[in-house]
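Structure file run.txt (compact mmCIF, C-alpha atoms) is printed below.
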```
# COMPACT_ATOMS: atom_id res chain seq x y z
CA MET A 1 11.42 38.56 -22.59
CA SER A 2 11.95 39.97 -19.11
CA GLU A 3 9.18 39.58 -16.56
CA LEU A 4 6.59 42.36 -16.74
CA VAL A 5 5.50 44.01 -13.48
CA ASN A 6 2.24 45.97 -13.85
CA GLY A 7 2.87 45.75 -17.58
CA PHE A 8 6.41 47.17 -17.44
CA ASP A 9 9.79 45.64 -18.22
CA ALA A 10 12.41 47.17 -15.90
CA SER A 11 15.21 46.08 -18.23
CA ILE A 12 14.17 48.64 -20.87
CA VAL A 13 16.24 51.79 -20.32
CA ASP A 14 15.92 55.37 -21.54
CA GLU A 15 18.57 56.70 -23.89
CA LYS A 16 18.87 60.20 -25.29
CA ALA A 17 19.86 61.61 -28.68
CA SER A 18 21.06 65.22 -28.67
CA LYS A 19 20.65 68.00 -31.25
CA VAL A 20 18.11 66.02 -33.22
CA GLY A 21 16.58 67.27 -36.46
CA PRO A 22 16.25 70.85 -37.74
CA ALA A 23 15.12 72.02 -34.29
CA GLY A 24 18.25 70.62 -32.62
CA ILE A 25 16.30 69.19 -29.68
CA ASP A 26 16.97 66.25 -27.37
CA ILE A 27 14.88 63.13 -27.93
CA ALA A 28 14.56 60.42 -25.29
CA TYR A 29 14.02 56.94 -26.70
CA GLN A 30 14.14 53.23 -25.93
CA ARG A 31 15.34 50.55 -28.32
CA LEU A 32 14.43 46.86 -28.22
CA GLY A 33 15.39 43.84 -30.29
CA ASN A 34 18.10 42.72 -32.70
CA PRO A 35 19.91 45.81 -34.07
CA ASP A 36 20.21 44.05 -37.44
CA ALA A 37 16.43 43.52 -37.76
CA PRO A 38 14.15 45.88 -39.73
CA ALA A 39 13.38 48.92 -37.62
CA VAL A 40 9.92 49.99 -36.45
CA LEU A 41 9.57 53.59 -35.21
CA LEU A 42 6.60 53.98 -32.84
CA ILE A 43 5.05 57.47 -32.45
CA MET A 44 2.57 58.25 -29.66
CA GLY A 45 -0.22 60.83 -29.45
CA ILE A 46 -1.06 63.99 -27.54
CA ALA A 47 0.14 63.92 -23.93
CA ALA A 48 1.33 60.32 -24.29
CA GLN A 49 4.93 59.41 -23.57
CA SER A 50 6.90 56.60 -25.18
CA ILE A 51 5.88 54.27 -22.35
CA ALA A 52 2.27 54.48 -23.54
CA TRP A 53 3.35 51.86 -26.11
CA PRO A 54 2.87 48.77 -23.91
CA ASP A 55 6.04 46.79 -23.31
CA ALA A 56 4.21 43.57 -24.17
CA PHE A 57 3.18 45.01 -27.56
CA CYS A 58 6.77 46.08 -28.24
CA HIS A 59 8.14 42.67 -27.23
CA ALA A 60 5.59 40.98 -29.48
CA LEU A 61 6.89 43.02 -32.44
CA VAL A 62 10.42 41.95 -31.50
CA ASP A 63 9.23 38.34 -31.34
CA GLY A 64 7.94 38.92 -34.88
CA GLY A 65 11.50 39.57 -36.06
CA LEU A 66 11.55 43.37 -35.88
CA GLN A 67 13.45 45.87 -33.74
CA VAL A 68 11.50 48.62 -32.01
CA ILE A 69 12.34 52.26 -31.33
CA ARG A 70 9.82 54.24 -29.30
CA PHE A 71 10.42 57.82 -28.17
CA ASP A 72 9.05 60.84 -26.35
CA ASN A 73 7.75 63.53 -28.68
CA ARG A 74 8.86 67.09 -28.01
CA ASP A 75 7.05 68.61 -25.00
CA VAL A 76 6.43 65.29 -23.21
CA GLY A 77 8.49 62.87 -21.17
CA LEU A 78 12.25 63.23 -21.14
CA SER A 79 12.58 64.96 -24.53
CA THR A 80 13.00 68.72 -24.89
CA HIS A 81 10.15 70.87 -23.55
CA LEU A 82 9.78 74.20 -25.34
CA THR A 83 9.29 76.22 -22.19
CA GLU A 84 10.32 79.50 -23.87
CA ALA A 85 7.56 79.25 -26.48
CA PRO A 86 4.50 81.55 -26.41
CA PRO A 87 1.66 80.41 -24.10
CA PRO A 88 -0.58 78.11 -26.16
CA ASP A 89 -4.18 79.28 -26.64
CA LEU A 90 -6.25 76.26 -27.70
CA PRO A 91 -9.65 78.04 -27.88
CA ALA A 92 -8.13 80.72 -30.11
CA ALA A 93 -6.49 78.09 -32.32
CA LEU A 94 -9.79 76.25 -32.71
CA ALA A 95 -11.36 79.59 -33.71
CA GLY A 96 -8.72 80.11 -36.39
CA ASP A 97 -6.21 82.33 -34.57
CA LEU A 98 -2.92 80.45 -34.85
CA SER A 99 -0.70 83.18 -33.40
CA SER A 100 0.15 81.07 -30.32
CA VAL A 101 1.20 78.01 -32.34
CA SER A 102 4.88 77.20 -31.78
CA TYR A 103 5.21 74.28 -34.20
CA THR A 104 3.18 71.93 -36.39
CA LEU A 105 3.02 68.21 -37.06
CA SER A 106 5.55 68.79 -39.85
CA ASP A 107 8.07 69.86 -37.22
CA MET A 108 7.25 66.80 -35.11
CA ALA A 109 7.66 64.56 -38.19
CA ALA A 110 11.05 66.20 -38.79
CA ASP A 111 11.97 65.33 -35.18
CA ALA A 112 11.19 61.68 -35.96
CA VAL A 113 13.30 61.76 -39.13
CA GLY A 114 16.07 63.41 -37.12
CA LEU A 115 15.97 60.55 -34.63
CA LEU A 116 16.39 58.07 -37.50
CA ASP A 117 19.42 60.10 -38.60
CA ALA A 118 20.85 60.09 -35.09
CA LEU A 119 20.46 56.31 -34.83
CA GLY A 120 21.85 55.66 -38.31
CA PHE A 121 18.71 54.40 -40.07
CA GLU A 122 18.09 55.23 -43.71
CA LYS A 123 14.44 54.27 -43.28
CA ALA A 124 12.06 52.56 -40.88
CA HIS A 125 8.59 51.16 -40.74
CA VAL A 126 6.60 53.87 -39.00
CA ALA A 127 3.57 53.26 -36.78
CA GLY A 128 1.65 55.99 -35.01
CA ALA A 129 -1.31 56.04 -32.63
CA SER A 130 -3.81 58.90 -32.38
CA MET A 131 -1.89 62.17 -32.97
CA GLY A 132 1.11 59.90 -33.49
CA GLY A 133 -0.75 58.46 -36.47
CA ALA A 134 -1.11 61.98 -37.86
CA ILE A 135 2.62 62.57 -37.33
CA ALA A 136 3.37 59.26 -39.05
CA GLN A 137 1.13 60.25 -41.98
CA THR A 138 2.93 63.59 -42.21
CA MET A 139 6.28 61.82 -42.15
CA ALA A 140 5.17 59.57 -45.03
CA ILE A 141 3.91 62.60 -47.00
CA GLU A 142 6.95 64.82 -46.46
CA HIS A 143 9.75 62.23 -46.11
CA PRO A 144 8.52 59.20 -48.13
CA ASP A 145 12.04 57.92 -48.77
CA ARG A 146 12.51 57.42 -45.01
CA VAL A 147 9.32 55.38 -44.50
CA GLY A 148 9.32 51.68 -45.37
CA SER A 149 5.65 51.37 -44.48
CA LEU A 150 3.01 53.36 -42.62
CA THR A 151 0.72 52.01 -39.91
CA SER A 152 -1.89 54.55 -38.80
CA MET A 153 -3.77 53.49 -35.66
CA MET A 154 -6.87 55.14 -34.13
CA SER A 155 -6.10 58.31 -36.09
CA THR A 156 -7.63 60.52 -38.77
CA THR A 157 -6.86 62.74 -41.76
CA GLY A 158 -7.16 66.17 -40.14
CA ASN A 159 -10.49 66.75 -41.90
CA MET A 160 -12.70 68.13 -39.14
CA SER A 161 -15.77 66.33 -40.51
CA VAL A 162 -14.35 62.91 -39.57
CA GLY A 163 -12.56 61.35 -36.61
CA GLN A 164 -14.11 63.66 -34.03
CA PRO A 165 -14.71 62.78 -30.36
CA SER A 166 -18.21 61.85 -29.29
CA PRO A 167 -20.11 64.91 -28.00
CA ASP A 168 -19.63 64.09 -24.32
CA VAL A 169 -16.19 62.49 -24.24
CA LEU A 170 -14.11 65.67 -23.94
CA ARG A 171 -16.15 66.71 -20.93
CA GLU A 172 -15.72 63.30 -19.36
CA VAL A 173 -11.97 63.23 -20.00
CA PHE A 174 -10.99 66.86 -19.41
CA GLY A 175 -13.79 68.25 -17.23
CA GLY A 176 -13.34 69.26 -13.61
CA PRO A 177 -10.42 70.93 -11.85
CA ARG A 178 -6.97 70.62 -13.40
CA ALA A 179 -5.03 67.66 -12.04
CA VAL A 180 -1.87 68.78 -10.24
CA THR A 181 -0.68 66.11 -7.82
CA ARG A 182 0.48 62.63 -8.75
CA ASP A 183 -2.67 61.05 -7.34
CA GLU A 184 -4.91 63.55 -9.13
CA VAL A 185 -3.20 62.78 -12.42
CA ILE A 186 -3.63 59.04 -11.87
CA GLN A 187 -7.33 59.47 -11.07
CA GLN A 188 -7.84 61.69 -14.11
CA THR A 189 -6.12 59.08 -16.28
CA LEU A 190 -8.37 56.34 -14.90
CA ARG A 191 -11.46 58.45 -15.70
CA ALA A 192 -10.19 58.87 -19.23
CA PHE A 193 -9.50 55.14 -19.47
CA HIS A 194 -13.07 54.32 -18.51
CA ALA A 195 -14.43 56.95 -20.92
CA VAL A 196 -12.48 56.04 -24.05
CA GLY A 197 -11.02 52.57 -23.43
CA SER A 198 -11.90 49.29 -25.10
CA PRO A 199 -15.01 47.76 -23.51
CA GLY A 200 -14.46 44.51 -25.35
CA PHE A 201 -10.99 44.01 -23.88
CA THR A 202 -10.13 46.24 -20.90
CA PRO A 203 -11.71 44.98 -17.65
CA ASN A 204 -8.35 43.88 -16.23
CA ASP A 205 -6.17 46.81 -17.33
CA GLU A 206 -6.93 49.33 -14.57
CA ASN A 207 -3.88 48.55 -12.41
CA GLU A 208 -1.58 48.84 -15.40
CA VAL A 209 -3.18 52.14 -16.46
CA ALA A 210 -2.69 53.57 -12.97
CA ALA A 211 0.92 52.36 -12.82
CA ARG A 212 1.68 53.86 -16.23
CA ALA A 213 0.11 57.19 -15.25
CA GLY A 214 2.24 57.33 -12.11
CA ARG A 215 5.37 56.43 -14.03
CA ALA A 216 4.62 59.09 -16.65
CA TYR A 217 4.10 61.69 -13.91
CA ASP A 218 7.44 60.76 -12.38
CA ARG A 219 9.19 61.11 -15.74
CA SER A 220 7.61 64.49 -16.52
CA TYR A 221 4.31 66.28 -16.01
CA ASP A 222 3.85 69.31 -18.28
CA PRO A 223 0.22 70.20 -19.16
CA ILE A 224 1.37 73.37 -20.96
CA GLY A 225 3.57 71.26 -23.21
CA VAL A 226 0.58 69.06 -23.94
CA ALA A 227 -1.41 72.16 -24.94
CA ARG A 228 1.37 73.09 -27.38
CA GLN A 229 1.03 69.64 -28.95
CA ALA A 230 -2.74 70.07 -29.18
CA ILE A 231 -2.58 73.36 -31.06
CA ALA A 232 0.13 71.94 -33.33
CA SER A 233 -2.40 69.33 -34.39
CA VAL A 234 -5.11 71.95 -34.95
CA ALA A 235 -2.75 74.16 -36.97
CA SER A 236 -1.67 71.36 -39.30
CA GLY A 237 -4.98 71.12 -41.12
CA ASP A 238 -6.42 68.53 -43.45
CA ARG A 239 -4.01 66.01 -45.01
CA THR A 240 -6.57 64.27 -47.24
CA GLU A 241 -5.42 65.54 -50.63
CA ARG A 242 -1.75 64.93 -49.85
CA LEU A 243 -2.58 61.42 -48.61
CA ARG A 244 -4.10 60.66 -52.02
CA HIS A 245 -0.60 60.85 -53.52
CA LEU A 246 1.12 58.50 -51.09
CA GLU A 247 2.95 55.51 -52.55
CA VAL A 248 3.96 54.07 -49.17
CA PRO A 249 2.46 50.68 -48.17
CA THR A 250 -0.16 51.54 -45.56
CA LEU A 251 -2.10 49.71 -42.87
CA VAL A 252 -4.93 51.53 -41.06
CA ILE A 253 -6.20 50.10 -37.75
CA HIS A 254 -9.18 51.50 -35.87
CA GLY A 255 -11.53 50.41 -33.14
CA LEU A 256 -15.23 50.35 -33.90
CA VAL A 257 -16.06 51.82 -30.47
CA ASP A 258 -13.40 54.55 -30.38
CA ARG A 259 -15.06 57.52 -28.64
CA MET A 260 -12.01 59.80 -28.76
CA CYS A 261 -11.37 59.49 -32.50
CA ASP A 262 -14.45 58.25 -34.29
CA VAL A 263 -13.95 55.32 -36.64
CA SER A 264 -14.87 57.63 -39.53
CA GLY A 265 -11.31 58.98 -39.18
CA GLY A 266 -9.79 55.58 -39.85
CA ARG A 267 -12.15 54.91 -42.74
CA ALA A 268 -11.33 58.29 -44.29
CA THR A 269 -7.58 57.65 -43.89
CA ALA A 270 -7.80 54.29 -45.65
CA GLU A 271 -10.03 55.72 -48.38
CA ALA A 272 -7.58 58.54 -49.06
CA ILE A 273 -4.38 56.47 -49.30
CA PRO A 274 -4.08 54.37 -52.48
CA GLY A 275 -3.97 50.66 -51.71
CA ALA A 276 -4.28 51.08 -47.96
CA GLU A 277 -5.46 48.09 -45.93
CA LEU A 278 -8.16 48.82 -43.35
CA VAL A 279 -8.59 46.70 -40.22
CA LEU A 280 -11.60 47.55 -38.02
CA ILE A 281 -11.75 45.85 -34.63
CA GLU A 282 -14.93 45.17 -32.67
CA GLY A 283 -14.73 46.19 -29.02
CA MET A 284 -11.57 48.29 -29.46
CA GLY A 285 -11.67 51.90 -28.29
CA HIS A 286 -8.89 54.48 -28.05
CA GLY A 287 -6.04 52.41 -26.67
CA LEU A 288 -4.04 49.19 -26.88
CA PRO A 289 -5.79 46.83 -24.47
CA SER A 290 -3.91 43.87 -23.04
CA GLY A 291 -6.28 41.34 -24.57
CA LEU A 292 -5.55 42.63 -28.06
CA ARG A 293 -1.81 43.36 -28.02
CA SER A 294 -0.46 40.07 -29.30
CA GLN A 295 -3.05 39.95 -32.09
CA LEU A 296 -2.34 43.56 -33.09
CA ALA A 297 1.43 43.07 -33.01
CA ALA A 298 1.18 39.94 -35.15
CA ARG A 299 -0.99 41.79 -37.68
CA VAL A 300 1.37 44.77 -37.80
CA ALA A 301 4.50 42.59 -38.06
CA GLU A 302 2.99 40.52 -40.86
CA PHE A 303 2.15 43.70 -42.78
CA MET A 304 5.64 45.14 -42.27
CA TRP A 305 7.31 41.97 -43.45
CA ARG A 306 5.16 42.05 -46.59
CA ALA A 307 6.29 45.64 -47.11
CA GLU A 308 9.89 44.47 -46.67
CA GLY A 309 9.31 41.96 -49.46
CA ARG A 310 8.28 44.73 -51.85
```
Written form, structure tokens:
Amino acid sequence: MSELVNGFDASIVDEKASKVGPAGIDIAYQRLGNPDAPAVLLIMGIAAQSIAWPDAFCHALVDGGLQVIRFDNRDVGLSTHLTEAPPPDLPAALAGDLSSVSYTLSDMAADAVGLLDALGFEKAHVAGASMGGAIAQTMAIEHPDRVGSLTSMMSTTGNMSVGQPSPDVLREVFGGPRAVTRDEVIQQTLRAFHAVGSPGFTPNDENEVAARAGRAYDRSYDPIGVARQAIASVASGDRTERLRHLEVPTLVIHGLVDRMCDVSGGRATAEAIPGAELVLIEGMGHGLPSGLRSQLAARVAEFMWRAEGR
């Protein structure tokens, strides 16, 4: 493994697949590991770029005998931004008016399947975090033949009675003036880190969080695109009944102190999916803290290899 500087491996390079999926968009991705190893497709959440999957976590999966593909969802990072779409209206969407919704999680799941097509994979193990977990669930529901296993991390079912933020966390994370400059974005990210991070693991991660926020800003900063992702999630509704019919091997991981997506979301996900394994972690919040990455990667790799054996 290359030396990590502030948590980043400079040898990992961005690549781009063009005209991906039914939408025909560009998807930026990075690929690590032996190209003959079983593939793991990593899907991140709202506002989070591919680099939000820590390089050390990805390398640990590679060390576990897997190859890793992580990518920027539409509207973040170096993938296509739908700048011609209608202005997203999140308050209206939350009130039931979906007229400003440009796409749903089904479209984002189709993007992920399209990337597998572009890279020549018949199927992959799929792991998603936060909204990425919801996209991964949707992918398993709508494209089960493309999913070797499902790992849903710090996510929920779409049922609004579970997996909700704590009453004050949205104000702590999103309150105040909109961040515009690079430094403002870094400071906002650090506030969010302190509000929703992992108190059992994260005291030493602040420098890495700041460096990642700066790197993400340099790659692309598009708050309107993030709003389009947010209303896509709202518009996609409750997946619970469809999850009950899944036959894909499933691992659900959730932190017991997650303030952004309450642990009830993880419990509900595992309860809905037949045979799902549920791993609840003390001290873990809404993130992948450095002190937990090797343990998490080992647990995920072991599960995926068991799924391979099936």
Shell around stretch 230-242 of chain A at 9 Å using all atoms listed in the file, local window under 4 positions removed, as a PyMOL selection string: chain A and resi 46-47+88-90+93-94+96+98+100-106+108+131+134-135+137-138+141+157-160+225-226+246+268-269+272-273
All residues 8 Å or closer to A:Ser264, all atoms listed in the file, same chain fewer than 2 positions away omitted, as a ChimeraX atom specification: /A:156,162-163,262,266-268
Write out as an mmCIF file with C-alpha atoms, in the frame of the given file each polymer residue whose atoms come within 9 Å of stretch 148-154 of chain A, counting all atoms listed in the file; drop sequence neighbours fewer than 2 positions from it.
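Written out: selection-v3.cif:
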```
data_model
loop_
_atom_site.group_PDB
_atom_site.id
_atom_site.type_symbol
_atom_site.label_atom_id
_atom_site.label_comp_id
_atom_site.auth_asym_id
_atom_site.auth_seq_id
_atom_site.Cartn_x
_atom_site.Cartn_y
_atom_site.Cartn_z
ATOM 1 C CA LYS A 123 14.440 54.270 -43.280
ATOM 2 C CA ALA A 124 12.060 52.560 -40.880
ATOM 3 C CA HIS A 125 8.590 51.160 -40.740
ATOM 4 C CA VAL A 126 6.600 53.870 -39.000
ATOM 5 C CA ALA A 127 3.570 53.260 -36.780
ATOM 6 C CA GLY A 128 1.650 55.990 -35.010
ATOM 7 C CA ALA A 129 -1.310 56.040 -32.630
ATOM 8 C CA SER A 130 -3.810 58.900 -32.380
ATOM 9 C CA MET A 131 -1.890 62.170 -32.970
ATOM 10 C CA GLY A 132 1.110 59.900 -33.490
ATOM 11 C CA GLY A 133 -0.750 58.460 -36.470
ATOM 12 C CA ALA A 134 -1.110 61.980 -37.860
ATOM 13 C CA ALA A 136 3.370 59.260 -39.050
ATOM 14 C CA GLN A 137 1.130 60.250 -41.980
ATOM 15 C CA ALA A 140 5.170 59.570 -45.030
ATOM 16 C CA PRO A 144 8.520 59.200 -48.130
ATOM 17 C CA ASP A 145 12.040 57.920 -48.770
ATOM 18 C CA ARG A 146 12.510 57.420 -45.010
ATOM 19 C CA THR A 156 -7.630 60.520 -38.770
ATOM 20 C CA GLY A 163 -12.560 61.350 -36.610
ATOM 21 C CA VAL A 248 3.960 54.070 -49.170
ATOM 22 C CA PRO A 249 2.460 50.680 -48.170
ATOM 23 C CA THR A 250 -0.160 51.540 -45.560
ATOM 24 C CA LEU A 251 -2.100 49.710 -42.870
ATOM 25 C CA VAL A 252 -4.930 51.530 -41.060
ATOM 26 C CA ILE A 253 -6.200 50.100 -37.750
ATOM 27 C CA HIS A 254 -9.180 51.500 -35.870
ATOM 28 C CA GLY A 255 -11.530 50.410 -33.140
ATOM 29 C CA ASP A 258 -13.400 54.550 -30.380
ATOM 30 C CA MET A 260 -12.010 59.800 -28.760
ATOM 31 C CA CYS A 261 -11.370 59.490 -32.500
ATOM 32 C CA ASP A 262 -14.450 58.250 -34.290
ATOM 33 C CA VAL A 263 -13.950 55.320 -36.640
ATOM 34 C CA GLY A 265 -11.310 58.980 -39.180
ATOM 35 C CA GLY A 266 -9.790 55.580 -39.850
ATOM 36 C CA THR A 269 -7.580 57.650 -43.890
ATOM 37 C CA GLY A 285 -11.670 51.900 -28.290
ATOM 38 C CA HIS A 286 -8.890 54.480 -28.050
ATOM 39 C CA GLY A 287 -6.040 52.410 -26.670
ATOM 40 C CA VAL A 300 1.370 44.770 -37.800
ATOM 41 C CA PHE A 303 2.150 43.700 -42.780
ATOM 42 C CA MET A 304 5.640 45.140 -42.270
ATOM 43 C CA ALA A 307 6.290 45.640 -47.110
ATOM 44 C CA GLU A 308 9.890 44.470 -46.670
#
```
d(atom CA of A:Leu61, atom CA of A:Ala298) in Å: 7.0 Å
Option closest in space to A:Glu122, from A:Leu243, A:Ala39, A:Leu82, A:Val5 [counting all atoms listed in the file]: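 Using all atoms listed in the file, A:Glu122 sits closest to A:Ala39.
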Nearest residue to A:Ala213 from the set A:Pro86, A:Gly291, A:Gly77, A:Gly33 (distances using all atoms listed in the file):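 Looking at the shortest contact to A:Ala213, the residue is A:Gly77.
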Gap from atom CA of A:Ser18 to atom CA of A:Pro54 - Å, one decimal: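 Computing the Euclidean distance for atom CA of A:Ser18 and atom CA of A:Pro54 yields 25.0 Å.
Of the listed residues (A:Asp63, A:Glu247, A:Glu84, A:Asp183), A:Asp183 comes nearest to A:Ala211; the distances count only C-alpha atoms.
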Nearest to A:Phe71, chosen from A:Pro38, A:Gly114, A:Pro91, A:Pro199, with all atoms listed in the file counted in the distances: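 When distances to A:Phe71 are compared using all atoms listed in the file, the smallest one comes from A:Gly114.
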Mind working out the centre and edge lengths of an axis-aligned box for stretch 240-256 of chain A, all listed atoms inside, 4 Å added to each side, rounded to one decimal in Å and written as lines of an AutoDock Vina configuration file?
```
center_x = -5.6
center_y = 57.6
center_z = -43.3
size_x = 27.2
size_y = 23.8
size_z = 28.4
```
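Across the structure, atom CA of A:Trp305 and atom CA of A:Ser290 are spaced 23.4 Å apart.
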